[in-house]
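> Supplied structure: final21.pdb, PDB, C-alpha atoms.
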```pdb
MODEL        1
ATOM      1  CA  MET A   1       0.000   0.000   0.000
ATOM      2  CA  LYS A   2       2.831   2.388   0.841
ATOM      3  CA  ASN A   3       4.419   1.694  -2.526
ATOM      4  CA  MET A   4       1.096   2.355  -4.289
ATOM      5  CA  LYS A   5       0.722   5.721  -2.546
ATOM      6  CA  TYR A   6       4.354   6.580  -3.286
ATOM      7  CA  ALA A   7       3.893   5.641  -6.933
ATOM      8  CA  ALA A   8       0.788   7.800  -7.246
ATOM      9  CA  ALA A   9       2.606  10.748  -5.687
ATOM     10  CA  LEU A  10       5.585  10.311  -7.995
ATOM     11  CA  ILE A  11       3.389  10.123 -11.085
ATOM     12  CA  PHE A  12       1.613  13.309  -9.993
ATOM     13  CA  ILE A  13       4.965  15.083  -9.497
ATOM     14  CA  VAL A  14       6.244  13.934 -12.879
ATOM     15  CA  LEU A  15       3.088  14.970 -14.690
ATOM     16  CA  MET A  16       2.991  18.348 -12.960
ATOM     17  CA  GLY A  17       6.657  18.910 -13.783
ATOM     18  CA  SER A  18       6.018  18.059 -17.422
ATOM     19  CA  ALA A  19       3.059  20.423 -17.535
ATOM     20  CA  LEU A  20       5.076  23.265 -16.029
ATOM     21  CA  ALA A  21       7.926  22.606 -18.448
ATOM     22  CA  ALA A  22       5.481  22.673 -21.341
ATOM     23  CA  CYS A  23       4.100  26.017 -20.180
ATOM     24  CA  SER A  24       7.578  27.520 -19.926
ATOM     25  CA  ASP A  25       8.516  26.260 -23.410
ATOM     26  CA  ARG A  26       5.409  27.394 -25.316
ATOM     27  CA  SER A  27       6.225  27.666 -29.010
ATOM     28  CA  ASP A  28       4.237  30.905 -29.363
ATOM     29  CA  LYS A  29       6.629  32.717 -27.038
ATOM     30  CA  PRO A  30       8.962  34.986 -29.037
ATOM     31  CA  ALA A  31      12.222  33.219 -29.855
ATOM     32  CA  SER A  32      14.293  36.031 -28.400
ATOM     33  CA  ALA A  33      14.175  39.746 -27.862
ATOM     34  CA  VAL A  34      17.363  39.922 -29.936
ATOM     35  CA  LYS A  35      16.971  40.352 -33.679
ATOM     36  CA  VAL A  36      20.019  40.019 -35.885
ATOM     37  CA  GLU A  37      20.794  41.121 -39.401
ATOM     38  CA  ALA A  38      21.095  38.033 -41.588
ATOM     39  CA  ILE A  39      24.675  37.029 -42.345
ATOM     40  CA  SER A  40      25.081  35.988 -45.985
ATOM     41  CA  ASP A  41      28.681  34.748 -45.764
ATOM     42  CA  LEU A  42      29.192  32.413 -42.804
ATOM     43  CA  LYS A  43      32.937  32.989 -42.975
ATOM     44  CA  ASP A  44      32.174  36.402 -41.470
ATOM     45  CA  ALA A  45      30.333  34.839 -38.498
ATOM     46  CA  THR A  46      31.756  34.284 -35.025
ATOM     47  CA  ILE A  47      30.167  32.180 -32.287
ATOM     48  CA  GLY A  48      31.008  32.111 -28.586
ATOM     49  CA  LEU A  49      30.805  28.710 -26.889
ATOM     50  CA  SER A  50      30.571  28.696 -23.078
ATOM     51  CA  MET A  51      30.849  25.170 -21.653
ATOM     52  CA  GLN A  52      29.814  24.530 -18.055
ATOM     53  CA  THR A  53      32.799  22.202 -17.630
ATOM     54  CA  LEU A  54      35.332  20.166 -19.562
ATOM     55  CA  GLY A  55      35.862  17.937 -16.544
ATOM     56  CA  ALA A  56      33.851  15.036 -17.991
ATOM     57  CA  PRO A  57      34.348  13.185 -21.314
ATOM     58  CA  TYR A  58      30.818  14.024 -22.465
ATOM     59  CA  PHE A  59      31.426  17.765 -22.409
ATOM     60  CA  VAL A  60      34.829  17.460 -24.067
ATOM     61  CA  ALA A  61      33.233  15.488 -26.901
ATOM     62  CA  GLN A  62      30.458  18.066 -27.182
ATOM     63  CA  GLN A  63      32.894  20.969 -27.445
ATOM     64  CA  LYS A  64      34.952  19.129 -30.063
ATOM     65  CA  ALA A  65      31.820  18.397 -32.090
ATOM     66  CA  VAL A  66      30.735  22.063 -32.132
ATOM     67  CA  GLU A  67      34.208  23.156 -33.227
ATOM     68  CA  ARG A  68      34.419  20.389 -35.844
ATOM     69  CA  GLU A  69      31.046  21.240 -37.390
ATOM     70  CA  ALA A  70      31.866  24.965 -37.358
ATOM     71  CA  GLU A  71      35.172  24.366 -39.128
ATOM     72  CA  LYS A  72      33.358  22.540 -41.936
ATOM     73  CA  ILE A  73      31.368  25.667 -42.806
ATOM     74  CA  GLY A  74      33.999  28.249 -41.959
ATOM     75  CA  VAL A  75      32.398  29.713 -38.820
ATOM     76  CA  LYS A  76      34.875  30.895 -36.193
ATOM     77  CA  VAL A  77      34.282  29.643 -32.631
ATOM     78  CA  PHE A  78      35.709  31.039 -29.390
ATOM     79  CA  SER A  79      35.459  28.366 -26.660
ATOM     80  CA  VAL A  80      35.663  28.841 -22.885
ATOM     81  CA  ASP A  81      35.417  26.454 -19.917
ATOM     82  CA  ALA A  82      33.537  27.582 -16.784
ATOM     83  CA  GLN A  83      35.039  24.692 -14.775
ATOM     84  CA  GLY A  84      31.708  24.192 -13.004
ATOM     85  CA  ASP A  85      31.786  27.717 -11.536
ATOM     86  CA  MET A  86      28.787  29.963 -12.283
ATOM     87  CA  ASN A  87      30.719  33.147 -11.477
ATOM     88  CA  LYS A  88      33.441  32.116 -13.905
ATOM     89  CA  GLN A  89      30.836  31.383 -16.565
ATOM     90  CA  LEU A  90      29.401  34.882 -16.200
ATOM     91  CA  SER A  91      32.899  36.337 -16.528
ATOM     92  CA  ASP A  92      33.587  34.079 -19.523
ATOM     93  CA  VAL A  93      30.444  35.324 -21.262
ATOM     94  CA  GLU A  94      31.461  38.943 -20.704
ATOM     95  CA  ASP A  95      34.825  38.153 -22.317
ATOM     96  CA  LEU A  96      33.111  36.502 -25.286
ATOM     97  CA  LEU A  97      30.814  39.493 -25.740
ATOM     98  CA  SER A  98      33.843  41.786 -25.767
ATOM     99  CA  LYS A  99      35.049  39.858 -28.835
ATOM    100  CA  LYS A 100      31.931  41.036 -30.726
ATOM    101  CA  ILE A 101      30.565  37.543 -31.316
ATOM    102  CA  ASP A 102      27.426  37.173 -33.449
ATOM    103  CA  LEU A 103      25.800  34.434 -31.335
ATOM    104  CA  LEU A 104      26.375  32.771 -27.977
ATOM    105  CA  ILE A 105      25.987  29.041 -27.319
ATOM    106  CA  ILE A 106      25.892  28.341 -23.593
ATOM    107  CA  ASN A 107      25.828  25.116 -21.637
ATOM    108  CA  PRO A 108      24.744  26.593 -18.279
ATOM    109  CA  VAL A 109      26.370  25.681 -14.988
ATOM    110  CA  ASP A 110      23.114  26.602 -13.250
ATOM    111  CA  PRO A 111      19.646  27.223 -14.759
ATOM    112  CA  MET A 112      18.988  30.282 -12.584
ATOM    113  CA  GLY A 113      22.508  31.673 -12.446
ATOM    114  CA  ALA A 114      22.779  31.701 -16.235
ATOM    115  CA  ILE A 115      19.867  34.150 -16.578
ATOM    116  CA  ALA A 116      22.315  37.030 -16.083
ATOM    117  CA  ALA A 117      24.514  35.741 -18.914
ATOM    118  CA  THR A 118      21.597  35.726 -21.354
ATOM    119  CA  LYS A 119      20.501  39.209 -20.268
ATOM    120  CA  ALA A 120      24.043  40.526 -20.791
ATOM    121  CA  ALA A 121      24.085  38.974 -24.272
ATOM    122  CA  ALA A 122      20.691  40.459 -25.125
ATOM    123  CA  LYS A 123      21.884  43.885 -24.010
ATOM    124  CA  ALA A 124      24.834  43.494 -26.378
ATOM    125  CA  GLY A 125      22.530  42.448 -29.224
ATOM    126  CA  VAL A 126      23.758  38.845 -29.208
ATOM    127  CA  PRO A 127      21.204  35.983 -29.435
ATOM    128  CA  VAL A 128      21.672  32.957 -27.175
ATOM    129  CA  ILE A 129      21.163  29.256 -27.819
ATOM    130  CA  VAL A 130      21.181  26.982 -24.776
ATOM    131  CA  MET A 131      22.858  23.627 -25.353
ATOM    132  CA  ASP A 132      22.402  20.432 -23.356
ATOM    133  CA  ASN A 133      21.354  21.804 -19.957
ATOM    134  CA  SER A 134      18.117  23.615 -19.078
ATOM    135  CA  ILE A 135      17.650  27.260 -18.179
ATOM    136  CA  SER A 136      14.996  29.330 -16.425
ATOM    137  CA  ALA A 137      12.099  30.592 -18.530
ATOM    138  CA  GLU A 138      13.082  34.097 -17.354
ATOM    139  CA  ALA A 139      16.241  33.922 -19.465
ATOM    140  CA  ASP A 140      16.511  35.542 -22.893
ATOM    141  CA  TYR A 141      17.257  32.790 -25.391
ATOM    142  CA  VAL A 142      16.312  31.549 -28.845
ATOM    143  CA  THR A 143      15.950  27.853 -28.019
ATOM    144  CA  ILE A 144      17.124  25.011 -25.785
ATOM    145  CA  ILE A 145      18.648  22.026 -27.585
ATOM    146  CA  GLN A 146      19.106  18.810 -25.634
ATOM    147  CA  SER A 147      18.367  15.124 -25.599
ATOM    148  CA  ASN A 148      14.929  14.219 -24.256
ATOM    149  CA  ASN A 149      15.999  13.533 -20.692
ATOM    150  CA  MET A 150      12.581  12.610 -19.343
ATOM    151  CA  ASP A 151      11.795  10.224 -22.219
ATOM    152  CA  ASN A 152      15.257   8.638 -22.094
ATOM    153  CA  GLY A 153      14.848   8.051 -18.376
ATOM    154  CA  GLU A 154      11.372   6.626 -18.850
ATOM    155  CA  LEU A 155      12.589   4.129 -21.464
ATOM    156  CA  VAL A 156      15.412   3.065 -19.125
ATOM    157  CA  GLY A 157      12.867   2.646 -16.306
ATOM    158  CA  ILE A 158      10.691   0.434 -18.502
ATOM    159  CA  TRP A 159      13.737  -1.664 -19.399
ATOM    160  CA  LEU A 160      14.610  -1.980 -15.696
ATOM    161  CA  ALA A 161      11.105  -3.153 -14.771
ATOM    162  CA  ASN A 162      11.256  -5.891 -17.382
ATOM    163  CA  LYS A 163      14.808  -6.871 -16.425
ATOM    164  CA  MET A 164      13.950  -7.255 -12.720
ATOM    165  CA  GLY A 165      10.611  -8.985 -13.259
ATOM    166  CA  ASN A 166       9.081  -9.999  -9.918
ATOM    167  CA  THR A 167      12.240  -9.205  -7.931
ATOM    168  CA  GLU A 168      11.834  -6.194  -5.654
ATOM    169  CA  VAL A 169      13.893  -3.256  -6.877
ATOM    170  CA  LYS A 170      15.925  -1.772  -4.021
ATOM    171  CA  LEU A 171      17.085   1.297  -5.873
ATOM    172  CA  GLY A 172      20.074   3.532  -5.296
ATOM    173  CA  VAL A 173      19.943   6.825  -7.236
ATOM    174  CA  LEU A 174      23.285   8.395  -8.126
ATOM    175  CA  SER A 175      22.664  12.037  -9.065
ATOM    176  CA  GLY A 176      24.874  14.740 -10.564
ATOM    177  CA  ASN A 177      24.441  17.915  -8.541
ATOM    178  CA  GLN A 178      21.590  19.473  -6.607
ATOM    179  CA  GLY A 179      19.337  21.918  -8.454
ATOM    180  CA  ASN A 180      20.187  20.570 -11.904
ATOM    181  CA  LEU A 181      16.923  20.292 -13.853
ATOM    182  CA  LEU A 182      18.460  17.897 -16.361
ATOM    183  CA  GLY A 183      19.207  15.477 -13.523
ATOM    184  CA  VAL A 184      15.701  15.808 -12.099
ATOM    185  CA  ASP A 185      14.186  14.898 -15.474
ATOM    186  CA  ARG A 186      16.451  11.885 -15.810
ATOM    187  CA  ARG A 187      15.811  10.335 -12.404
ATOM    188  CA  MET A 188      12.094  11.117 -12.417
ATOM    189  CA  GLY A 189      11.875   9.662 -15.919
ATOM    190  CA  VAL A 190      13.416   6.395 -14.700
ATOM    191  CA  ILE A 191      11.012   6.216 -11.760
ATOM    192  CA  LYS A 192       8.042   7.047 -13.979
ATOM    193  CA  GLY A 193       8.949   4.298 -16.457
ATOM    194  CA  LEU A 194       9.570   1.790 -13.668
ATOM    195  CA  VAL A 195       6.258   2.576 -11.957
ATOM    196  CA  GLU A 196       4.190   2.523 -15.137
ATOM    197  CA  GLU A 197       5.653  -0.755 -16.416
ATOM    198  CA  GLN A 198       5.249  -2.514 -13.063
ATOM    199  CA  LEU A 199       1.654  -1.319 -12.827
ATOM    200  CA  ARG A 200       0.966  -2.416 -16.399
ATOM    201  CA  LYS A 201       2.350  -5.876 -15.769
ATOM    202  CA  SER A 202       1.081  -6.657 -12.261
ATOM    203  CA  ASN A 203      -1.222  -3.825 -11.121
ATOM    204  CA  GLN A 204       1.195  -2.980  -8.302
ATOM    205  CA  THR A 205       4.638  -1.551  -7.765
ATOM    206  CA  ASN A 206       7.545  -3.475  -6.301
ATOM    207  CA  PHE A 207      10.363  -1.038  -5.611
ATOM    208  CA  LYS A 208      11.748   1.408  -3.102
ATOM    209  CA  VAL A 209      14.465   4.037  -3.257
ATOM    210  CA  VAL A 210      16.878   2.983  -0.528
ATOM    211  CA  THR A 211      19.590   5.644  -0.966
ATOM    212  CA  GLN A 212      20.731   8.603  -3.045
ATOM    213  CA  GLY A 213      24.239   9.942  -3.664
ATOM    214  CA  TRP A 214      25.743  12.940  -5.469
ATOM    215  CA  GLY A 215      28.628  12.302  -7.860
ATOM    216  CA  ALA A 216      29.123  15.675  -9.618
ATOM    217  CA  TRP A 217      28.745  13.988 -13.035
ATOM    218  CA  SER A 218      32.285  12.541 -12.966
ATOM    219  CA  GLN A 219      33.655   9.005 -12.753
ATOM    220  CA  GLU A 220      35.696   9.853  -9.665
ATOM    221  CA  GLY A 221      32.665  11.452  -8.018
ATOM    222  CA  GLY A 222      30.527   8.444  -8.896
ATOM    223  CA  LEU A 223      33.046   6.088  -7.313
ATOM    224  CA  LYS A 224      33.150   8.036  -4.047
ATOM    225  CA  ALA A 225      29.364   8.489  -3.861
ATOM    226  CA  ALA A 226      28.730   4.813  -4.621
ATOM    227  CA  GLU A 227      31.125   3.750  -1.856
ATOM    228  CA  ASP A 228      29.003   5.698   0.617
ATOM    229  CA  MET A 229      25.755   4.364  -0.862
ATOM    230  CA  ILE A 230      26.915   0.743  -0.531
ATOM    231  CA  VAL A 231      27.738   1.286   3.135
ATOM    232  CA  ALA A 232      24.469   3.152   3.807
ATOM    233  CA  SER A 233      22.272   0.582   2.047
ATOM    234  CA  PRO A 234      23.924  -2.855   1.802
ATOM    235  CA  ASP A 235      20.634  -4.317   0.513
ATOM    236  CA  MET A 236      20.717  -2.133  -2.646
ATOM    237  CA  ASN A 237      20.370  -4.357  -5.728
ATOM    238  CA  VAL A 238      20.078  -1.695  -8.461
ATOM    239  CA  LEU A 239      22.086   1.492  -8.902
ATOM    240  CA  VAL A 240      20.932   3.953 -11.541
ATOM    241  CA  ALA A 241      23.149   6.946 -12.273
ATOM    242  CA  GLU A 242      22.124  10.103 -14.093
ATOM    243  CA  ASN A 243      25.011   9.692 -16.539
ATOM    244  CA  ASP A 244      27.423   6.987 -17.664
ATOM    245  CA  SER A 245      30.545   8.582 -16.190
ATOM    246  CA  MET A 246      29.174   8.315 -12.638
ATOM    247  CA  ALA A 247      27.862   4.808 -13.332
ATOM    248  CA  LEU A 248      31.327   3.697 -14.468
ATOM    249  CA  GLY A 249      32.769   5.006 -11.219
ATOM    250  CA  ALA A 250      30.012   3.263  -9.270
ATOM    251  CA  LEU A 251      30.781  -0.012 -11.016
ATOM    252  CA  LYS A 252      34.375   0.258  -9.816
ATOM    253  CA  ALA A 253      33.159   0.836  -6.242
ATOM    254  CA  ILE A 254      30.882  -2.191  -6.510
ATOM    255  CA  GLN A 255      33.762  -4.337  -7.745
ATOM    256  CA  ASN A 256      35.985  -3.111  -4.896
ATOM    257  CA  ALA A 257      33.254  -4.026  -2.403
ATOM    258  CA  GLY A 258      32.988  -7.559  -3.776
ATOM    259  CA  LYS A 259      29.420  -6.991  -4.957
ATOM    260  CA  GLU A 260      29.909  -7.364  -8.713
ATOM    261  CA  GLY A 261      26.937  -9.234 -10.136
ATOM    262  CA  LYS A 262      24.859  -8.447  -7.033
ATOM    263  CA  ILE A 263      24.059  -4.825  -7.923
ATOM    264  CA  LEU A 264      22.756  -4.049 -11.402
ATOM    265  CA  VAL A 265      24.324  -0.832 -12.719
ATOM    266  CA  LEU A 266      22.676   1.313 -15.381
ATOM    267  CA  ALA A 267      22.364   4.966 -16.373
ATOM    268  CA  ALA A 268      19.510   7.246 -17.338
ATOM    269  CA  ALA A 269      21.509   8.830 -20.133
ATOM    270  CA  ASP A 270      24.568   9.245 -22.305
ATOM    271  CA  GLY A 271      25.786   6.269 -24.355
ATOM    272  CA  GLN A 272      29.477   6.638 -23.484
ATOM    273  CA  LYS A 273      31.457   4.085 -25.483
ATOM    274  CA  GLU A 274      33.056   2.577 -22.350
ATOM    275  CA  ALA A 275      29.547   1.914 -21.007
ATOM    276  CA  LEU A 276      28.448   0.417 -24.325
ATOM    277  CA  GLU A 277      31.462  -1.904 -24.295
ATOM    278  CA  LEU A 278      30.381  -3.148 -20.848
ATOM    279  CA  ILE A 279      26.798  -3.600 -22.071
ATOM    280  CA  LYS A 280      28.193  -5.807 -24.839
ATOM    281  CA  GLU A 281      30.076  -7.812 -22.173
ATOM    282  CA  GLY A 282      26.976  -8.174 -19.987
ATOM    283  CA  LYS A 283      28.504  -6.179 -17.103
ATOM    284  CA  TYR A 284      26.261  -3.079 -17.399
ATOM    285  CA  GLY A 285      22.497  -2.929 -17.760
ATOM    286  CA  ALA A 286      21.408  -0.115 -20.055
ATOM    287  CA  THR A 287      21.681   3.597 -20.739
ATOM    288  CA  GLY A 288      19.735   6.344 -22.499
ATOM    289  CA  LEU A 289      20.791   7.847 -25.828
ATOM    290  CA  ASN A 290      22.386  11.242 -25.241
ATOM    291  CA  ASP A 291      24.886  11.638 -28.067
ATOM    292  CA  PRO A 292      26.986  14.773 -27.433
ATOM    293  CA  ALA A 293      27.962  14.972 -31.103
ATOM    294  CA  LEU A 294      24.312  14.882 -32.204
ATOM    295  CA  VAL A 295      23.305  17.568 -29.677
ATOM    296  CA  ALA A 296      26.277  19.706 -30.767
ATOM    297  CA  LYS A 297      25.558  19.299 -34.482
ATOM    298  CA  THR A 298      21.876  20.133 -34.006
ATOM    299  CA  THR A 299      22.870  23.192 -31.957
ATOM    300  CA  LEU A 300      25.253  24.523 -34.594
ATOM    301  CA  GLU A 301      22.805  23.887 -37.434
ATOM    302  CA  THR A 302      20.154  25.825 -35.517
ATOM    303  CA  ALA A 303      22.600  28.660 -34.776
ATOM    304  CA  VAL A 304      23.432  28.962 -38.467
ATOM    305  CA  LYS A 305      19.738  29.053 -39.422
ATOM    306  CA  TYR A 306      19.146  31.878 -36.964
ATOM    307  CA  LEU A 307      22.165  33.858 -38.152
ATOM    308  CA  GLN A 308      20.922  33.497 -41.723
ATOM    309  CA  GLY A 309      17.580  35.051 -40.804
ATOM    310  CA  ASP A 310      15.344  32.070 -39.963
ATOM    311  CA  THR A 311      13.669  32.949 -36.650
ATOM    312  CA  ASN A 312      10.937  30.297 -36.915
ATOM    313  CA  ILE A 313      12.598  28.122 -34.290
ATOM    314  CA  PRO A 314      10.769  26.317 -31.416
ATOM    315  CA  LYS A 315      11.745  27.082 -27.836
ATOM    316  CA  LEU A 316      12.752  23.464 -27.205
ATOM    317  CA  ILE A 317      14.412  21.018 -29.599
ATOM    318  CA  ASN A 318      14.949  17.429 -28.464
ATOM    319  CA  THR A 319      17.060  14.763 -30.125
ATOM    320  CA  GLU A 320      15.862  11.164 -30.350
ATOM    321  CA  ALA A 321      15.107   9.273 -27.136
ATOM    322  CA  GLN A 322      16.199   5.625 -26.949
ATOM    323  CA  VAL A 323      17.256   3.015 -24.410
ATOM    324  CA  ILE A 324      20.513   1.248 -25.324
ATOM    325  CA  SER A 325      20.790  -2.327 -24.066
ATOM    326  CA  SER A 326      22.245  -5.618 -25.247
ATOM    327  CA  ASP A 327      19.382  -5.802 -27.756
ATOM    328  CA  ASN A 328      20.559  -2.817 -29.825
ATOM    329  CA  VAL A 329      24.004  -1.792 -28.553
ATOM    330  CA  ASP A 330      25.749  -2.698 -31.828
ATOM    331  CA  LYS A 331      23.695  -0.016 -33.604
ATOM    332  CA  TYR A 332      25.105   2.729 -31.371
ATOM    333  CA  TYR A 333      28.598   1.533 -30.472
ATOM    334  CA  ASN A 334      31.478   3.266 -32.268
ATOM    335  CA  LYS A 335      34.963   2.448 -30.994
ATOM    336  CA  ASP A 336      36.348   5.575 -32.718
ATOM    337  CA  ALA A 337      33.850   7.994 -31.133
ATOM    338  CA  ASP A 338      35.163  10.896 -29.029
ATOM    339  CA  PHE A 339      32.761   9.810 -26.297
TER     340      PHE A 339
ENDMDL
END
```
Now that the file is in, can you turn its structure into structure tokens?

Amino acid sequence: MKNMKYAAALIFIVLMGSALAACSDRSDKPASAVKVEAISDLKDATIGLSMQTLGAPYFVAQQKAVEREAEKIGVKVFSVDAQGDMNKQLSDVEDLLSKKIDLLIINPVDPMGAIAATKAAAKAGVPVIVMDNSISAEADYVTIIQSNNMDNGELVGIWLANKMGNTEVKLGVLSGNQGNLLGVDRRMGVIKGLVEEQLRKSNQTNFKVVTQGWGAWSQEGGLKAAEDMIVASPDMNVLVAENDSMALGALKAIQNAGKEGKILVLAAADGQKEALELIKEGKYGATGLNDPALVAKTTLETAVKYLQGDTNIPKLINTEAQVISSDNVDKYYNKDADF
């Protein structure tokens, strides 16, 4: 009964969150207060790229992909790394604006803190495209481009329900950092998918969240957080991380604790090639498709459209959602990928 009430509450939270997100991303809202004169020759265009961090392989691959795609069409890119510091990101943006860039791509450290960066850009007449992370609806931006974090998480949750069958899921949640909306969507998506699939199959839920840790999105952080989670909840039999890097660290902690094969490890998102290799080996459950190169390419293509005068751009653009497991891993695995 407690699980049923908990499930109902979680579904309500998820649905309310989705409704609020939909309201904040209404397509009839003006793309941006900033209007630009169309640039006919892209070789005259300059773009500023503000990354929230380059401390994780995903973000490094994303930066490389933006720069690679820009080079193909002759657009100049100035890249900066906020190193996970919102104050540094604001300073970085000011420096980029001083270079007279035509457009700013920002991967925000913090959805609220980045509002000031978009306002500064708007004041300078520079449109902003938000890449990968979310941002407050109060910000001044053209569009947000990201993988569909909620749908990816939901598909992973459905996979988990089917994988565990009638076995009770004693779930450990390994999150990135507090206040990150992307992380909220991922973990709530997993729980939503798990709840819905269990209800569909047996008219009841059979899980509980036994612990949560914070791994700062990195493999090292995931290892440390998972060590604490294993001690806090020795009965944990599933650990879901909000990205592959933390899950890879958690897997190392599980191996060190002698619990390999006793705790199923999976991630709500990414598709990091090291994780896909482990899926192929049967040592890792599943992950959601969050290709940094695809997000980066879509972002740059959208930036170019806007610079060339096309302002008919939706406020939110999602790339394909998919769960990657042993059933389809060969379709997505690329040993030569940056990530």
> Which residues are near A:Ile47? Cut-off 8 Å, only C-alpha atoms, ignore same chain within fewer than 4 positions. Put them as a ChimeraX atom specification.
/A:75-78,101-105
> Taking the file as I've supplied it (selection: the PyMOL selection byres ((chain A and resi 303) around 12)), which residues are included? Please answer as an MDAnalysis selection string.
chainID A and resid 36 38:39 42 45:49 66 69:70 75 77 102:106 126:131 141:145 296:302 304:313
> If you count all atoms listed in the file, which residues fall within 12 Å of A:Ala120, apart from same-chain ones fewer than 3 positions away, as an MDAnalysis selection string?
chainID A and resid 34 90:98 104 114:117 123:128 139:141
> Given only C-alpha atoms as the basis, pick out the residue of A:Lys335, A:Lys262, A:Lys201, A:Arg68 nearest to A:Lys170.
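Closest candidate: A:Lys262.
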> Edge lengths and centre, in Å to one decimal, as AutoDock Vina command-line options: that's what I need for the box along x, y and z that holds all listed atoms of stretch 177-191 of chain A plus 6 Å on each side.

```
--center_x 17.7 --center_y 14.1 --center_z -11.5 --size_x 25.4 --size_y 27.7 --size_z 21.8
```
> If you count all atoms listed in the file, which residues fall within 8 Å of A:Val209, apart from same-chain ones fewer than 3 positions away, as a ChimeraX atom specification?
/A:170-173,212
> One decimal, in Å: what's the spacing between atom CA of A:Lys35 and atom CA of A:Asn107?
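Distance between the two atoms: 21.3 Å.
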> Near A:Asp336, within 12 Å and counting only C-alpha atoms, which residues show up once chain neighbours fewer than 2 positions away are dropped, as a list in words?
Ala61, Gln272, Lys273, Glu274, Tyr332, Tyr333, Asn334, Asp338 and Phe339 of chain A
> May I have the residues within 12 Å of A:Gly113 as number ranges by chain, using all atoms listed in the file and disregarding those fewer than 2 positions away in the same chain?
A: 52, 84-90, 107-111, 115-119, 134-136, 138-139, 179-180
> Measuring atom to atom with all atoms listed in the file, identify which of A:Leu289, A:Leu174, A:Ala225, A:Leu181 is nearest to A:Glu242.
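Of the candidates, the smallest distance to A:Glu242 is held by A:Leu174.
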> To one decimal in Å, tell me the separation between atom CA of A:Ser202 and atom CA of A:Ala161.
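If I compute the distance from atom CA of A:Ser202 to atom CA of A:Ala161, I get 10.9 Å.
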> Which residue gives the smallest distance to A:Asp330 among A:Glu197, A:Glu277, A:Asp151, A:Glu71, with all atoms listed in the file counted?
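Going through A:Glu197, A:Glu277, A:Asp151, A:Glu71 one by one, the smallest distance to A:Asp330 is for A:Glu277.
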> Would you translate the PyMOL selection byres ((chain A and resi 243-255) around 7) into the concrete set of residues it matches in this file, as a list in words?
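That selection, the PyMOL selection byres ((chain A and resi 243-255) around 7), comes back as Gly215, Trp217, Ser218, Gln219, Glu220, Gly221, Gly222, Leu223, Ala226, Glu227, Ala241, Glu242, Asn256, Ala257, Gly258, Lys259, Glu260, Val265, Leu266, Ala267, Ala268, Ala269, Asp270, Gly271, Gln272 and Ala275 of chain A.
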> Can you write out the residues you just picked, keeping C-alpha atoms, as a short mmCIF file (atom, residue, chain, number, x, y, z; two decimals), in the coordinates of the input?

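Here's the written file result_19.cif:
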```
data_model
loop_
_atom_site.label_atom_id
_atom_site.label_comp_id
_atom_site.auth_asym_id
_atom_site.auth_seq_id
_atom_site.Cartn_x
_atom_site.Cartn_y
_atom_site.Cartn_z
CA GLY A 215 28.63 12.30 -7.86
CA TRP A 217 28.74 13.99 -13.04
CA SER A 218 32.28 12.54 -12.97
CA GLN A 219 33.66 9.01 -12.75
CA GLU A 220 35.70 9.85 -9.66
CA GLY A 221 32.66 11.45 -8.02
CA GLY A 222 30.53 8.44 -8.90
CA LEU A 223 33.05 6.09 -7.31
CA ALA A 226 28.73 4.81 -4.62
CA GLU A 227 31.12 3.75 -1.86
CA ALA A 241 23.15 6.95 -12.27
CA GLU A 242 22.12 10.10 -14.09
CA ASN A 256 35.98 -3.11 -4.90
CA ALA A 257 33.25 -4.03 -2.40
CA GLY A 258 32.99 -7.56 -3.78
CA LYS A 259 29.42 -6.99 -4.96
CA GLU A 260 29.91 -7.36 -8.71
CA VAL A 265 24.32 -0.83 -12.72
CA LEU A 266 22.68 1.31 -15.38
CA ALA A 267 22.36 4.97 -16.37
CA ALA A 268 19.51 7.25 -17.34
CA ALA A 269 21.51 8.83 -20.13
CA ASP A 270 24.57 9.24 -22.30
CA GLY A 271 25.79 6.27 -24.36
CA GLN A 272 29.48 6.64 -23.48
CA ALA A 275 29.55 1.91 -21.01
#
```
